[in-house]
Amino acid sequence: MKKYTYLLVVAMLLLFAAGETHAQVGKRAYMNIGWQFNGAFHNDFVQNVQGYGAYLQNGYYLTPLLAIGSFSHFSNNEQYLEKQTYPLENSAALTTDTQRNLYQNAFGPSLRLRLWPLEVQPYIEVKMGAEYAVASTYFSSYVLRATSWGFYVSPEIGVTYYPDPDSDAGLHLAVYYSYSTNTDADFHPHGLNNWGFKLGVAF
Amino acid sequence: MKKIFYFTLGLVLAVACEKEPAIMDPDREFLVYTEPSPNFDSTAYTSFYLPDSILVMSNAREPYYSTSYYATALLGQVRDNLKGFGYTQVTDPADADLGARLIYLERLDRYYHYYVNPFWWWGCPGYPADWSPDYLRTGSALVVELLDMVGEPSQPVPFSQSLYSVVWMAYLGGPASTSLYYDVLRMQDAIDQAFVQSPYLKK
């Protein structure tokens with residue numbers, strides 16, 4: 001009897017894993033691509049929300065609801081600072097206006113759980129990976145750059161909508177929070193925090 | 001599906017570049033950097049000597065001394081500020097405690113520019129681009145130095161080959177405009193700023 005119970009459990013698991021998993025109705029693979037509007041906060045370099053970014057994420061449903069995948073995105077957050085006088089060592093001083101730009105590029109694996117494989121598919125996703133960040137300060141004809149690498153983690157909730165069951169194309173909308181361990185002693189000593197939303201297409 | 005994937009992947013790679021601001025100074029004002037020599041003491045000086053010309057140095061022509069209207073305007077601005085700080089102008093260098101020296105630096109740069117892409121996406125790999133020099137940019141700077149002319153000449157100073165040591169310097173620089181008249185006006189403002197941010201010069 002025990003043997004039959006085990007067989008039944010294994011058979012159910014296999015069925016669960018082998019279900020029809022089109023992205024909209026049955027496909028297993030999915031891809032989202034689009035525009036990323038990123039907000040940078042909790043740092044001393046740039047604190048604003050701007051839309052100079054894009055994202056690409058894709059994955060494969062191992063079961064009808066659970067997918068593994070990968071992601072890559074970038075964002076730019078710019079901030080202009082009016083003319084200021086900066087006191088330096090030995091009574092030296094520098095007066096200039098500055099333009100700051102925080103460029104972030106993150107990539108790595110992801111894990112997605114959708115609530116149901118229907119036309120409208122809400123999901124939650126966790127991303128982990130690496131982030132490359134460049135904090136550039138432009139003043140007059142000069143630029144100072146501070147580059148850093150860090151560990152990246154981001155929870156995301158979103159929804160994909162496939163209006164036509166016979167088509168691969170759909171819409172994608174998501175909101176996210178991210179934290180990376182990229183540090184800079186002067187401007188972001190405790191890492192980089194971001195939030196934002198993504199708007200794009202889904203295949 | 002595969003075609004769409006590679007197309008979108010290429011698209012993301014093509015735009016995943018850092019955003020660069022235009023080569024321009026947003027507030028159109030020159031950067032001002034000032035620095036005194038260590039242990040500078042304004043009480044050691046009461047008078048100053050101002051020459052009737054400024055040295056013009058450029059990467060496009062031989063150095064020369066200028067007594068033009070613009071040179072006189074810049075010299076006058078330094079004179080007014082030194083007088084405002086409590087120093088007395090003398091006409092004989094032998095009677096002066098301080099000597100002012102002005103050097104106008106001009107640099108002509110040849111820039112390479114994309115014709116077909118927004119120029120702030122520089123650095124992206126794989127862009128088909130028409131590389132050719134398409135515009136010239138001039139950067140200009142004014143260096144103002146105060147020389148210690150009290151007693152015997154001290155240690156030689158590199159670059160200028162002066163027998164007098166520099167006790168204070170100001171660097172005023174940035175992208176030049178197409179109008180020298182306008183640039184000189186901006187430099188006069190920058191000279192004022194150089195003195196404002198050097199209160200230790202006051203008598």
# chains A, B, ... in the order shown; residues from 1 in each chain; ligands from 1
>>> residues_around(residues="stretch 48-61 of chain B", least_positions_apart="2", cutoff="10 Å", atoms="only C-alpha atoms", output="mmCIF file with N, CA and C atoms, in the first residue's frame")
data_model
loop_
_atom_site.group_PDB
_atom_site.id
_atom_site.type_symbol
_atom_site.label_atom_id
_atom_site.label_comp_id
_atom_site.auth_asym_id
_atom_site.auth_seq_id
_atom_site.Cartn_x
_atom_site.Cartn_y
_atom_site.Cartn_z
ATOM 1 N N TYR B 45 52.341 91.617 4.136
ATOM 2 C CA TYR B 45 52.324 92.344 2.857
ATOM 3 C C TYR B 45 51.411 93.570 2.955
ATOM 4 N N THR B 46 51.853 94.664 2.378
ATOM 5 C CA THR B 46 51.015 95.872 2.374
ATOM 6 C C THR B 46 50.832 96.457 0.970
ATOM 7 N N PRO B 63 53.586 81.735 -27.292
ATOM 8 C CA PRO B 63 53.194 82.608 -26.179
ATOM 9 C C PRO B 63 53.584 84.062 -26.463
ATOM 10 N N TYR B 64 52.794 84.971 -25.936
ATOM 11 C CA TYR B 64 53.105 86.390 -26.107
ATOM 12 C C TYR B 64 52.473 87.172 -24.955
ATOM 13 N N TYR B 65 52.948 88.396 -24.771
ATOM 14 C CA TYR B 65 52.373 89.275 -23.754
ATOM 15 C C TYR B 65 51.343 90.180 -24.414
ATOM 16 N N SER B 66 50.214 90.292 -23.789
ATOM 17 C CA SER B 66 49.130 91.090 -24.363
ATOM 18 C C SER B 66 48.850 92.313 -23.492
ATOM 19 N N THR B 67 48.684 93.442 -24.170
ATOM 20 C CA THR B 67 48.264 94.669 -23.481
ATOM 21 C C THR B 67 46.932 95.153 -24.065
ATOM 22 N N SER B 68 46.167 94.222 -24.578
ATOM 23 C CA SER B 68 44.910 94.562 -25.247
ATOM 24 C C SER B 68 43.892 95.116 -24.257
ATOM 25 N N TYR B 70 41.165 93.693 -23.487
ATOM 26 C CA TYR B 70 40.720 92.609 -22.613
ATOM 27 C C TYR B 70 41.736 92.352 -21.504
ATOM 28 N N ALA B 71 43.020 92.386 -21.867
ATOM 29 C CA ALA B 71 44.071 92.178 -20.859
ATOM 30 C C ALA B 71 43.986 93.263 -19.790
ATOM 31 N N THR B 72 43.792 94.477 -20.231
ATOM 32 C CA THR B 72 43.695 95.598 -19.284
ATOM 33 C C THR B 72 42.476 95.434 -18.379
ATOM 34 N N LEU B 74 41.095 92.627 -17.389
ATOM 35 C CA LEU B 74 41.358 91.581 -16.393
ATOM 36 C C LEU B 74 42.321 92.086 -15.317
ATOM 37 N N LEU B 75 43.356 92.819 -15.766
ATOM 38 C CA LEU B 75 44.304 93.385 -14.796
ATOM 39 C C LEU B 75 43.594 94.361 -13.854
ATOM 40 N N GLY B 76 42.684 95.141 -14.426
ATOM 41 C CA GLY B 76 41.951 96.109 -13.612
ATOM 42 C C GLY B 76 41.090 95.422 -12.557
ATOM 43 N N VAL B 78 41.713 92.574 -11.078
ATOM 44 C CA VAL B 78 42.603 92.109 -9.998
ATOM 45 C C VAL B 78 43.015 93.298 -9.131
ATOM 46 N N ARG B 79 43.348 94.396 -9.789
ATOM 47 C CA ARG B 79 43.750 95.599 -9.048
ATOM 48 C C ARG B 79 42.648 96.051 -8.092
ATOM 49 N N LEU B 82 42.410 93.718 -5.090
ATOM 50 C CA LEU B 82 43.519 93.845 -4.140
ATOM 51 C C LEU B 82 43.379 95.128 -3.326
ATOM 52 N N LYS B 83 42.978 96.192 -4.012
ATOM 53 C CA LYS B 83 42.761 97.452 -3.285
ATOM 54 C C LYS B 83 41.614 97.303 -2.288
ATOM 55 N N TYR B 87 45.227 96.496 0.164
ATOM 56 C CA TYR B 87 46.610 96.615 -0.318
ATOM 57 C C TYR B 87 46.764 97.922 -1.104
ATOM 58 N N THR B 88 47.976 98.415 -1.133
ATOM 59 C CA THR B 88 48.267 99.664 -1.835
ATOM 60 C C THR B 88 49.064 99.358 -3.095
ATOM 61 N N GLN B 89 48.635 99.965 -4.198
ATOM 62 C CA GLN B 89 49.343 99.725 -5.456
ATOM 63 C C GLN B 89 50.569 100.627 -5.544
ATOM 64 N N VAL B 90 51.691 100.072 -5.975
ATOM 65 C CA VAL B 90 52.901 100.853 -6.206
ATOM 66 C C VAL B 90 53.325 100.651 -7.653
ATOM 67 N N THR B 91 54.044 101.620 -8.191
ATOM 68 C CA THR B 91 54.434 101.542 -9.602
ATOM 69 C C THR B 91 55.848 100.990 -9.796
ATOM 70 N N ASP B 92 56.626 100.984 -8.732
ATOM 71 C CA ASP B 92 57.985 100.444 -8.822
ATOM 72 C C ASP B 92 58.014 99.049 -8.203
ATOM 73 N N PRO B 93 58.365 98.020 -8.978
ATOM 74 C CA PRO B 93 58.380 96.657 -8.430
ATOM 75 C C PRO B 93 59.280 96.523 -7.203
ATOM 76 N N ALA B 94 60.318 97.356 -7.152
ATOM 77 C CA ALA B 94 61.254 97.254 -6.025
ATOM 78 C C ALA B 94 60.595 97.630 -4.706
ATOM 79 N N ASP B 95 59.510 98.435 -4.784
ATOM 80 C CA ASP B 95 58.822 98.860 -3.551
ATOM 81 C C ASP B 95 57.688 97.917 -3.162
ATOM 82 N N ALA B 96 57.412 96.919 -3.983
ATOM 83 C CA ALA B 96 56.211 96.098 -3.769
ATOM 84 C C ALA B 96 56.504 94.897 -2.868
ATOM 85 N N ASP B 97 55.493 94.555 -2.057
ATOM 86 C CA ASP B 97 55.566 93.319 -1.262
ATOM 87 C C ASP B 97 55.005 92.140 -2.048
ATOM 88 N N LEU B 98 54.006 92.437 -2.865
ATOM 89 C CA LEU B 98 53.370 91.399 -3.681
ATOM 90 C C LEU B 98 53.418 91.801 -5.151
ATOM 91 N N GLY B 99 53.575 90.814 -5.995
ATOM 92 C CA GLY B 99 53.476 91.061 -7.427
ATOM 93 C C GLY B 99 52.379 90.187 -8.002
ATOM 94 N N ALA B 100 51.534 90.793 -8.825
ATOM 95 C CA ALA B 100 50.452 90.008 -9.435
ATOM 96 C C ALA B 100 50.863 89.595 -10.842
ATOM 97 N N ARG B 101 50.565 88.375 -11.191
ATOM 98 C CA ARG B 101 50.898 87.894 -12.540
ATOM 99 C C ARG B 101 49.672 87.165 -13.092
ATOM 100 N N LEU B 102 49.307 87.510 -14.296
ATOM 101 C CA LEU B 102 48.141 86.886 -14.929
ATOM 102 C C LEU B 102 48.576 86.123 -16.176
ATOM 103 N N ILE B 103 48.105 84.906 -16.279
ATOM 104 C CA ILE B 103 48.416 84.066 -17.440
ATOM 105 C C ILE B 103 47.108 83.568 -18.033
ATOM 106 N N TYR B 104 46.909 83.880 -19.300
ATOM 107 C CA TYR B 104 45.692 83.431 -19.992
ATOM 108 C C TYR B 104 46.037 82.191 -20.797
ATOM 109 N N LEU B 105 45.321 81.127 -20.516
ATOM 110 C CA LEU B 105 45.592 79.849 -21.187
ATOM 111 C C LEU B 105 44.451 79.537 -22.140
ATOM 112 N N GLU B 106 44.817 79.149 -23.340
ATOM 113 C CA GLU B 106 43.796 78.822 -24.332
ATOM 114 C C GLU B 106 44.122 77.471 -24.936
ATOM 115 N N ARG B 107 43.135 76.619 -24.972
ATOM 116 C CA ARG B 107 43.378 75.288 -25.521
ATOM 117 C C ARG B 107 42.327 74.981 -26.581
ATOM 118 N N LEU B 108 42.813 74.565 -27.703
ATOM 119 C CA LEU B 108 41.918 74.236 -28.814
ATOM 120 C C LEU B 108 41.870 72.718 -28.950
ATOM 121 N N ASP B 109 40.691 72.158 -28.850
ATOM 122 C CA ASP B 109 40.548 70.704 -28.956
ATOM 123 C C ASP B 109 39.706 70.346 -30.160
ATOM 124 N N SER B 140 39.265 77.805 -22.107
ATOM 125 C CA SER B 140 40.167 78.874 -21.710
ATOM 126 C C SER B 140 40.239 78.944 -20.195
ATOM 127 N N ALA B 141 41.337 79.487 -19.720
ATOM 128 C CA ALA B 141 41.530 79.606 -18.279
ATOM 129 C C ALA B 141 42.404 80.814 -18.007
ATOM 130 N N LEU B 142 42.204 81.383 -16.864
ATOM 131 C CA LEU B 142 43.047 82.478 -16.408
ATOM 132 C C LEU B 142 43.672 82.058 -15.088
ATOM 133 N N VAL B 143 44.982 82.160 -15.021
ATOM 134 C CA VAL B 143 45.686 81.869 -13.777
ATOM 135 C C VAL B 143 46.167 83.195 -13.208
ATOM 136 N N VAL B 144 45.763 83.472 -11.997
ATOM 137 C CA VAL B 144 46.203 84.693 -11.307
ATOM 138 C C VAL B 144 47.122 84.262 -10.175
ATOM 139 N N LEU B 146 49.837 85.609 -7.059
ATOM 140 C CA LEU B 146 50.445 86.661 -6.247
ATOM 141 C C LEU B 146 51.816 86.168 -5.817
ATOM 142 N N LEU B 147 52.829 86.971 -6.112
ATOM 143 C CA LEU B 147 54.220 86.569 -5.837
ATOM 144 C C LEU B 147 54.750 87.321 -4.629
ATOM 145 N N ASP B 148 55.538 86.624 -3.860
ATOM 146 C CA ASP B 148 56.172 87.230 -2.691
ATOM 147 C C ASP B 148 57.395 88.010 -3.160
ATOM 148 N N MET B 149 57.322 89.356 -3.084
ATOM 149 C CA MET B 149 58.439 90.192 -3.536
ATOM 150 C C MET B 149 59.123 90.887 -2.356
#
>>> select_by_dssp(residues="stretch 17-95 of chain B", states="strand (DSSP E or B)", output="compact mmCIF listing (two decimals) with C-alpha atoms, in the first residue's frame")
# COMPACT_ATOMS: atom_id res chain seq x y z
CA LEU B 31 35.15 77.16 -12.36
CA VAL B 32 37.12 78.98 -9.66
CA TYR B 33 39.87 77.29 -7.69
CA THR B 34 42.05 79.15 -5.21
CA GLU B 35 44.87 78.06 -2.98
CA PRO B 36 47.31 79.96 -0.74
CA SER B 47 51.70 96.86 -1.23
CA PHE B 48 51.43 95.24 -4.64
CA TYR B 49 52.74 95.76 -8.12
CA ILE B 54 49.24 89.40 -19.27
CA LEU B 55 50.96 86.34 -20.67
CA VAL B 56 48.88 84.50 -23.27
CA MET B 57 49.69 80.83 -23.82
CA SER B 58 47.96 78.55 -26.29
CA TYR B 64 53.10 86.39 -26.11
CA TYR B 65 52.37 89.27 -23.75
CA SER B 66 49.13 91.09 -24.36
CA THR B 88 48.27 99.66 -1.84
CA GLN B 89 49.34 99.73 -5.46
CA VAL B 90 52.90 100.85 -6.21
>>> closest_atom_pairs(of="chain A", to="chain B", cutoff="10 Å", atoms="only C-alpha atoms", output="tab-separated table")
residue	atom	partner	partner_atom	distance
A:Ala29	CA	B:Met1	CA	9.6
A:Tyr30	CA	B:Met1	CA	9.7
A:Met31	CA	B:Phe5	CA	7.8
A:Asn32	CA	B:Thr8	CA	9.6
A:Ile33	CA	B:Thr8	CA	7.4
A:Gly34	CA	B:Val12	CA	8.9
A:Tyr52	CA	B:Lys19	CA	8.0
A:Gly53	CA	B:Ala16	CA	7.8
A:Ala54	CA	B:Val12	CA	7.2
A:Tyr55	CA	B:Val12	CA	7.3
A:Leu56	CA	B:Val12	CA	7.0
A:Gln57	CA	B:Leu9	CA	9.7
A:Asn58	CA	B:Phe5	CA	9.3
A:Ser72	CA	B:Val12	CA	8.8
A:His73	CA	B:Ala16	CA	7.6
A:Phe74	CA	B:Ala16	CA	6.1
A:Ser75	CA	B:Glu18	CA	8.2
A:Asn76	CA	B:Lys19	CA	6.6
A:Asn77	CA	B:Lys19	CA	8.9
A:Glu78	CA	B:Lys19	CA	8.8
A:Tyr80	CA	B:Pro26	CA	8.8
A:Leu81	CA	B:Pro26	CA	10.0
A:Glu82	CA	B:Asp27	CA	8.0
A:Lys83	CA	B:Asp27	CA	7.8
A:Thr85	CA	B:Gln197	CA	7.6
A:Tyr86	CA	B:Gln197	CA	9.4
A:Pro87	CA	B:Gln197	CA	8.7
A:Leu88	CA	B:Glu35	CA	8.9
A:Glu89	CA	B:Glu35	CA	9.0
A:Asn90	CA	B:Pro38	CA	6.9
A:Ser91	CA	B:Glu35	CA	6.5
A:Ala92	CA	B:Glu35	CA	4.2
A:Ala93	CA	B:Thr34	CA	5.4
A:Leu94	CA	B:Tyr33	CA	4.4
A:Thr95	CA	B:Val32	CA	5.0
A:Thr96	CA	B:Leu31	CA	4.9
A:Asp97	CA	B:Asp27	CA	7.1
A:Thr98	CA	B:Pro26	CA	8.5
A:Gln99	CA	B:Pro21	CA	8.0
A:Arg100	CA	B:Pro21	CA	9.2
A:Asn101	CA	B:Lys19	CA	7.7
A:Leu102	CA	B:Glu18	CA	8.8
A:Tyr103	CA	B:Glu18	CA	6.0
A:Gln104	CA	B:Glu18	CA	8.4
A:Asn105	CA	B:Ala16	CA	8.0
A:Ala133	CA	B:Glu18	CA	9.9
A:Val134	CA	B:Glu18	CA	8.4
A:Ser136	CA	B:Glu20	CA	9.1
A:Tyr138	CA	B:Pro21	CA	8.2
A:Phe139	CA	B:Asp25	CA	7.3
A:Ser140	CA	B:Gly174	CA	5.2
A:Ser141	CA	B:Gly174	CA	5.9
A:Tyr142	CA	B:Gly174	CA	8.9
A:Asp168	CA	B:Met1	CA	8.3
A:Phe203	CA	B:Met1	CA	8.1
>>> residues_around(residues="A:His188", least_positions_apart="5", cutoff="12 Å", atoms="only C-alpha atoms", output="list in words")
Ala40, Phe41, His42, Asn43, Asp44, Phe45, Val46, Gln47, Leu102, Ala133, Val134, Ala135, Ala146, Thr147, Ser148, Tyr179, Ser180, Thr181, Asn182, Thr183 and Asn193 of chain A
>>> write_last_selection(atoms="C-alpha atoms", output="PDB file, in the first residue's frame")
ATOM      1  CA  ALA A  40      17.227  56.338  -6.257  1.00  0.00           C
ATOM      2  CA  PHE A  41      17.002  57.207  -2.574  1.00  0.00           C
ATOM      3  CA  HIS A  42      18.827  56.893   0.763  1.00  0.00           C
ATOM      4  CA  ASN A  43      22.155  58.006  -0.629  1.00  0.00           C
ATOM      5  CA  ASP A  44      24.065  61.310  -0.637  1.00  0.00           C
ATOM      6  CA  PHE A  45      24.759  61.384  -4.354  1.00  0.00           C
ATOM      7  CA  VAL A  46      21.521  61.483  -6.305  1.00  0.00           C
ATOM      8  CA  GLN A  47      17.995  61.306  -4.958  1.00  0.00           C
ATOM      9  CA  LEU A 102      24.327  57.613 -11.129  1.00  0.00           C
ATOM     10  CA  ALA A 133      27.462  51.276 -10.661  1.00  0.00           C
ATOM     11  CA  VAL A 134      29.189  54.442 -11.852  1.00  0.00           C
ATOM     12  CA  ALA A 135      28.815  57.667  -9.896  1.00  0.00           C
ATOM     13  CA  ALA A 146      33.651  56.297  -8.909  1.00  0.00           C
ATOM     14  CA  THR A 147      32.891  52.782 -10.103  1.00  0.00           C
ATOM     15  CA  SER A 148      31.810  49.910  -7.896  1.00  0.00           C
ATOM     16  CA  TYR A 179      19.176  47.048  -2.818  1.00  0.00           C
ATOM     17  CA  SER A 180      22.785  46.575  -3.804  1.00  0.00           C
ATOM     18  CA  THR A 181      25.921  46.558  -1.692  1.00  0.00           C
ATOM     19  CA  ASN A 182      27.782  48.997  -3.976  1.00  0.00           C
ATOM     20  CA  THR A 183      29.444  51.439  -1.632  1.00  0.00           C
ATOM     21  CA  ASN A 193      18.484  51.676  -2.630  1.00  0.00           C
TER      22      ASN A 193
END
>>> atom_distance(atom1="atom CA of A:Met128", atom2="atom CA of A:Ala202")
21.0 Å
